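Containing PDB, C-alpha atoms, pLDDT in the B column: coords_20.pdb.
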MODEL        1
ATOM      1  CA  MET A   1      14.040 -12.605  13.297  1.00 85.00           C
ATOM      2  CA  LYS A   2      12.936  -9.074  12.452  1.00 89.00           C
ATOM      3  CA  LEU A   3       9.579  -7.649  13.508  1.00 85.00           C
ATOM      4  CA  THR A   4       8.727  -7.006   9.854  1.00 87.00           C
ATOM      5  CA  GLN A   5       8.899 -10.763   9.244  1.00 89.00           C
ATOM      6  CA  THR A   6       5.961 -11.274  11.626  1.00 91.00           C
ATOM      7  CA  VAL A   7       3.577  -8.937   9.768  1.00 91.00           C
ATOM      8  CA  GLN A   8       0.980 -10.839   7.759  1.00 89.00           C
ATOM      9  CA  SER A   9      -1.041  -9.726   4.774  1.00 90.00           C
ATOM     10  CA  GLY A  10      -3.763 -11.159   2.610  1.00 85.00           C
ATOM     11  CA  ASP A  11      -6.999 -10.430   0.864  1.00 79.00           C
ATOM     12  CA  TRP A  12      -9.206  -8.486   3.298  1.00 77.00           C
ATOM     13  CA  LYS A  13     -12.301  -9.862   1.557  1.00 78.00           C
ATOM     14  CA  ASN A  14     -11.410 -13.401   2.669  1.00 79.00           C
ATOM     15  CA  GLU A  15      -9.402 -12.797   5.861  1.00 82.00           C
ATOM     16  CA  LYS A  16     -10.989 -11.202   8.935  1.00 89.00           C
ATOM     17  CA  HIS A  17      -7.710  -9.754  10.262  1.00 93.00           C
ATOM     18  CA  VAL A  18      -6.479  -7.715   7.275  1.00 94.00           C
ATOM     19  CA  PRO A  19      -7.469  -4.048   7.571  1.00 96.00           C
ATOM     20  CA  ALA A  20      -9.675  -2.957   4.685  1.00 96.00           C
ATOM     21  CA  LEU A  21      -8.743   0.470   3.332  1.00 97.00           C
ATOM     22  CA  HIS A  22     -10.760   3.075   1.482  1.00 98.00           C
ATOM     23  CA  ALA A  23      -9.521   6.554   0.558  1.00 97.00           C
ATOM     24  CA  GLU A  24     -11.049   9.521  -1.191  1.00 95.00           C
ATOM     25  CA  LYS A  25      -9.445  12.832  -2.170  1.00 93.00           C
ATOM     26  CA  SER A  26     -11.640  15.889  -1.848  1.00 88.00           C
ATOM     27  CA  GLU A  27     -10.593  19.562  -1.984  1.00 86.00           C
ATOM     28  CA  GLY A  28      -7.031  19.028  -0.700  1.00 86.00           C
ATOM     29  CA  CYS A  29      -8.145  16.543   1.935  1.00 94.00           C
ATOM     30  CA  LEU A  30      -7.496  12.810   1.899  1.00 96.00           C
ATOM     31  CA  LYS A  31     -10.242  10.961   3.768  1.00 97.00           C
ATOM     32  CA  ILE A  32      -9.066   7.514   4.896  1.00 98.00           C
ATOM     33  CA  HIS A  33     -11.335   4.785   6.270  1.00 98.00           C
ATOM     34  CA  ALA A  34      -9.681   1.694   7.815  1.00 98.00           C
ATOM     35  CA  LEU A  35     -11.498  -1.218   9.371  1.00 97.00           C
ATOM     36  CA  VAL A  36     -11.022  -4.848  10.297  1.00 96.00           C
ATOM     37  CA  GLY A  37     -13.836  -7.239   9.452  1.00 93.00           C
ATOM     38  CA  GLU A  38     -15.534  -5.547   6.515  1.00 93.00           C
ATOM     39  CA  GLU A  39     -16.378  -8.740   4.604  1.00 90.00           C
ATOM     40  CA  VAL A  40     -15.668 -11.387   7.279  1.00 89.00           C
ATOM     41  CA  GLU A  41     -16.487 -10.058  10.760  1.00 90.00           C
ATOM     42  CA  HIS A  42     -13.846 -10.337  13.461  1.00 92.00           C
ATOM     43  CA  PRO A  43     -15.169 -11.773  16.787  1.00 89.00           C
ATOM     44  CA  ASN A  44     -14.003  -8.856  19.012  1.00 90.00           C
ATOM     45  CA  THR A  45     -14.432 -10.617  22.334  1.00 89.00           C
ATOM     46  CA  LEU A  46     -12.315 -10.540  25.485  1.00 89.00           C
ATOM     47  CA  GLU A  47     -10.583 -13.714  24.299  1.00 92.00           C
ATOM     48  CA  HIS A  48     -10.079 -12.675  20.642  1.00 93.00           C
ATOM     49  CA  HIS A  49      -9.990  -9.008  19.632  1.00 94.00           C
ATOM     50  CA  ILE A  50      -8.328  -6.291  17.577  1.00 96.00           C
ATOM     51  CA  GLY A  51      -6.285  -4.171  20.000  1.00 97.00           C
ATOM     52  CA  TRP A  52      -5.335  -1.335  17.661  1.00 98.00           C
ATOM     53  CA  ILE A  53      -5.081   0.061  14.120  1.00 98.00           C
ATOM     54  CA  LYS A  54      -2.388   2.446  12.879  1.00 98.00           C
ATOM     55  CA  VAL A  55      -2.715   4.415   9.638  1.00 98.00           C
ATOM     56  CA  PHE A  56       0.217   5.783   7.615  1.00 98.00           C
ATOM     57  CA  PHE A  57       0.595   7.897   4.476  1.00 98.00           C
ATOM     58  CA  GLN A  58       3.658   7.926   2.235  1.00 98.00           C
ATOM     59  CA  PRO A  59       3.530  10.732  -0.336  1.00 97.00           C
ATOM     60  CA  GLU A  60       4.860   9.899  -3.773  1.00 96.00           C
ATOM     61  CA  GLY A  61       8.649  10.411  -3.775  1.00 96.00           C
ATOM     62  CA  ALA A  62       8.980  10.331   0.038  1.00 97.00           C
ATOM     63  CA  LYS A  63      11.435   7.855   1.530  1.00 97.00           C
ATOM     64  CA  PHE A  64       9.278   6.897   4.533  1.00 97.00           C
ATOM     65  CA  PRO A  65       5.600   6.871   5.491  1.00 98.00           C
ATOM     66  CA  THR A  66       4.223   9.220   8.164  1.00 98.00           C
ATOM     67  CA  GLU A  67       1.919   7.919  10.876  1.00 98.00           C
ATOM     68  CA  VAL A  68      -1.325   9.878  10.534  1.00 98.00           C
ATOM     69  CA  GLY A  69      -3.428   8.006  13.076  1.00 97.00           C
ATOM     70  CA  SER A  70      -3.113   5.552  15.943  1.00 98.00           C
ATOM     71  CA  TYR A  71      -6.261   4.068  17.459  1.00 97.00           C
ATOM     72  CA  THR A  72      -6.590   1.765  20.480  1.00 97.00           C
ATOM     73  CA  PHE A  73      -9.727  -0.289  21.094  1.00 96.00           C
ATOM     74  CA  SER A  74     -10.419  -0.935  24.769  1.00 92.00           C
ATOM     75  CA  ALA A  75     -13.887  -2.510  24.995  1.00 91.00           C
ATOM     76  CA  HIS A  76     -13.569  -6.277  24.545  1.00 85.00           C
ATOM     77  CA  GLY A  77     -16.756  -7.657  26.055  1.00 81.00           C
ATOM     78  CA  GLU A  78     -16.857  -6.111  29.505  1.00 80.00           C
ATOM     79  CA  GLU A  79     -20.490  -5.313  30.371  1.00 84.00           C
ATOM     80  CA  GLU A  80     -21.380  -6.665  26.900  1.00 83.00           C
ATOM     81  CA  ILE A  81     -19.641  -3.706  25.227  1.00 89.00           C
ATOM     82  CA  CYS A  82     -17.303  -4.468  22.322  1.00 90.00           C
ATOM     83  CA  SER A  83     -15.234  -2.089  20.216  1.00 92.00           C
ATOM     84  CA  LYS A  84     -15.695  -2.205  16.466  1.00 93.00           C
ATOM     85  CA  PRO A  85     -12.244  -1.822  14.879  1.00 96.00           C
ATOM     86  CA  GLU A  86     -13.132   0.947  12.432  1.00 97.00           C
ATOM     87  CA  VAL A  87     -11.542   4.391  12.105  1.00 97.00           C
ATOM     88  CA  ASN A  88     -11.632   7.511   9.934  1.00 97.00           C
ATOM     89  CA  VAL A  89      -8.845  10.020   9.467  1.00 97.00           C
ATOM     90  CA  CYS A  90      -8.648  13.089   7.268  1.00 97.00           C
ATOM     91  CA  ILE A  91      -5.312  14.631   6.282  1.00 97.00           C
ATOM     92  CA  LYS A  92      -4.572  17.718   4.217  1.00 97.00           C
ATOM     93  CA  THR A  93      -2.472  16.884   1.171  1.00 95.00           C
ATOM     94  CA  GLU A  94      -2.481  17.496  -2.548  1.00 91.00           C
ATOM     95  CA  LYS A  95      -0.067  14.606  -3.149  1.00 94.00           C
ATOM     96  CA  SER A  96      -0.718  11.089  -4.336  1.00 95.00           C
ATOM     97  CA  GLY A  97       0.975   8.190  -2.613  1.00 97.00           C
ATOM     98  CA  LEU A  98       0.378   5.082  -0.523  1.00 98.00           C
ATOM     99  CA  VAL A  99      -1.932   4.634   2.443  1.00 98.00           C
ATOM    100  CA  TYR A 100      -0.981   1.835   4.839  1.00 98.00           C
ATOM    101  CA  ALA A 101      -2.902   0.276   7.713  1.00 97.00           C
ATOM    102  CA  LEU A 102      -1.464  -2.011  10.386  1.00 97.00           C
ATOM    103  CA  SER A 103      -3.709  -3.876  12.835  1.00 97.00           C
ATOM    104  CA  TYR A 104      -3.000  -6.065  15.848  1.00 97.00           C
ATOM    105  CA  CYS A 105      -5.030  -9.131  16.884  1.00 96.00           C
ATOM    106  CA  ASN A 106      -4.266 -10.427  20.374  1.00 96.00           C
ATOM    107  CA  ILE A 107      -4.200 -14.037  19.070  1.00 94.00           C
ATOM    108  CA  HIS A 108      -3.094 -13.780  15.424  1.00 94.00           C
ATOM    109  CA  GLY A 109      -0.600 -10.906  15.576  1.00 95.00           C
ATOM    110  CA  LEU A 110       0.111  -8.104  13.117  1.00 97.00           C
ATOM    111  CA  TRP A 111      -1.673  -7.614   9.804  1.00 96.00           C
ATOM    112  CA  GLU A 112      -1.160  -5.000   7.069  1.00 96.00           C
ATOM    113  CA  ASN A 113      -2.699  -3.639   3.923  1.00 96.00           C
ATOM    114  CA  SER A 114      -1.917  -0.775   1.547  1.00 97.00           C
ATOM    115  CA  LEU A 115      -3.770   1.286  -1.027  1.00 97.00           C
ATOM    116  CA  GLU A 116      -2.348   3.470  -3.773  1.00 97.00           C
ATOM    117  CA  ILE A 117      -4.120   6.774  -4.203  1.00 94.00           C
TER
ENDMDL
END

Let me see the structure of the file written as structure tokens.
Amino acid sequence: MKLTQTVQSGDWKNEKHVPALHAEKSEGCLKIHALVGEEVEHPNTLEHHIGWIKVFFQPEGAKFPTEVGSYTFSAHGEEEICSKPEVNVCIKTEKSGLVYALSYCNIHGLWENSLEI
């Protein structure tokens, strides 16, 4: 089995593990907002949490995406502190393309989403 066969996707509005993606172009900058649990909140406890989110951008015509952000969440309930799996990244580009987000849940594995901009 290939790793890519383990990545799950779905509608982020109905599934608490799929990273929601929002992107806005402004003056040569692409502002990307990725989060898990926008519509259906993820528990984010020691027992069940999002460990990380990675964000990629693939410019139109490019063969591969480029990783533009990698974020690890470390607070999973210790001292009643929990990370909220939500990140912002801003990249300089004039190009259109695809934004991808990949998230990891310690119980339910890898989840992905993409957005054309």

Subject >> Non-local contacts of Glu67 in chain A (7 Å; all atoms listed in the file; under 5 positions in same chain excluded) as a PyMOL selection string >> reply: chain A and resi 55-57

**OP:** For range 77-94 of chain A, work out the shell of residues within 8 Å, counting only C-alpha atoms and skipping chain neighbours fewer than 4 positions away, then give it as number ranges by chain.
**Re:** A: 28-37, 44-46, 50, 52-53, 68-69, 71, 73

Original post:
In terms of the shortest atom-to-atom distance over only C-alpha atoms, which of A:Asp11, A:Gly51, A:Glu24, A:Lys16 is closest to Thr72 in chain A?
Top reply: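 Residue with the minimum atom-to-atom distance to Thr72 in chain A: A:Gly51.
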
**OP:** Find the residues with any atom within 8 Å of (-4.5, -7.1, 17.7); use all atoms listed in the file and the coordinates as given in the file, and write the answer as a PyMOL selection string.
**Re:** chain A and resi 49-52+103-110

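When CA of Asn14 in chain A is paired with CA of Tyr100 in chain A, their separation reads 18.6 Å.
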
Original post:
Taking the file as shown, what set of residues would the PyMOL selection byres ((chain A and resi 15) around 12) give back, as a PyMOL selection string?
Top reply: chain A and resi 8-14+16-20+36-42+108+111-113

Original post:
Which one of A:Ala23, A:Ala62, A:Val7, A:Ala101 sits closest to Glu116 in chain A if you count only C-alpha atoms?
Top reply: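 Using only C-alpha atoms, Glu116 in chain A sits closest to A:Ala23.
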
Subject >> Nearest to Leu21 in chain A by atom-to-atom distance, counting all atoms listed in the file, from A:Leu115, A:Met1, A:Leu102, A:Ala75 >> reply: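 When distances to Leu21 in chain A are compared using all atoms listed in the file, the smallest one comes from A:Leu115.
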
Around all listed atoms of range 66-81 of chain A, padded 5 Å per side, what centre and edge lengths does the axis-aligned box have in Å to one decimal, as lines of an AutoDock Vina configuration file?
center_x = -8.6
center_y = 1.1
center_z = 19.3
size_x = 35.6
size_y = 27.5
size_z = 32.2

Original post:
What does the distance from CA of Ser114 in chain A to CA of Thr66 in chain A come to in Å, to one decimal?
Top reply: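 Separation of CA of Ser114 in chain A and CA of Thr66 in chain A: 13.5 Å.
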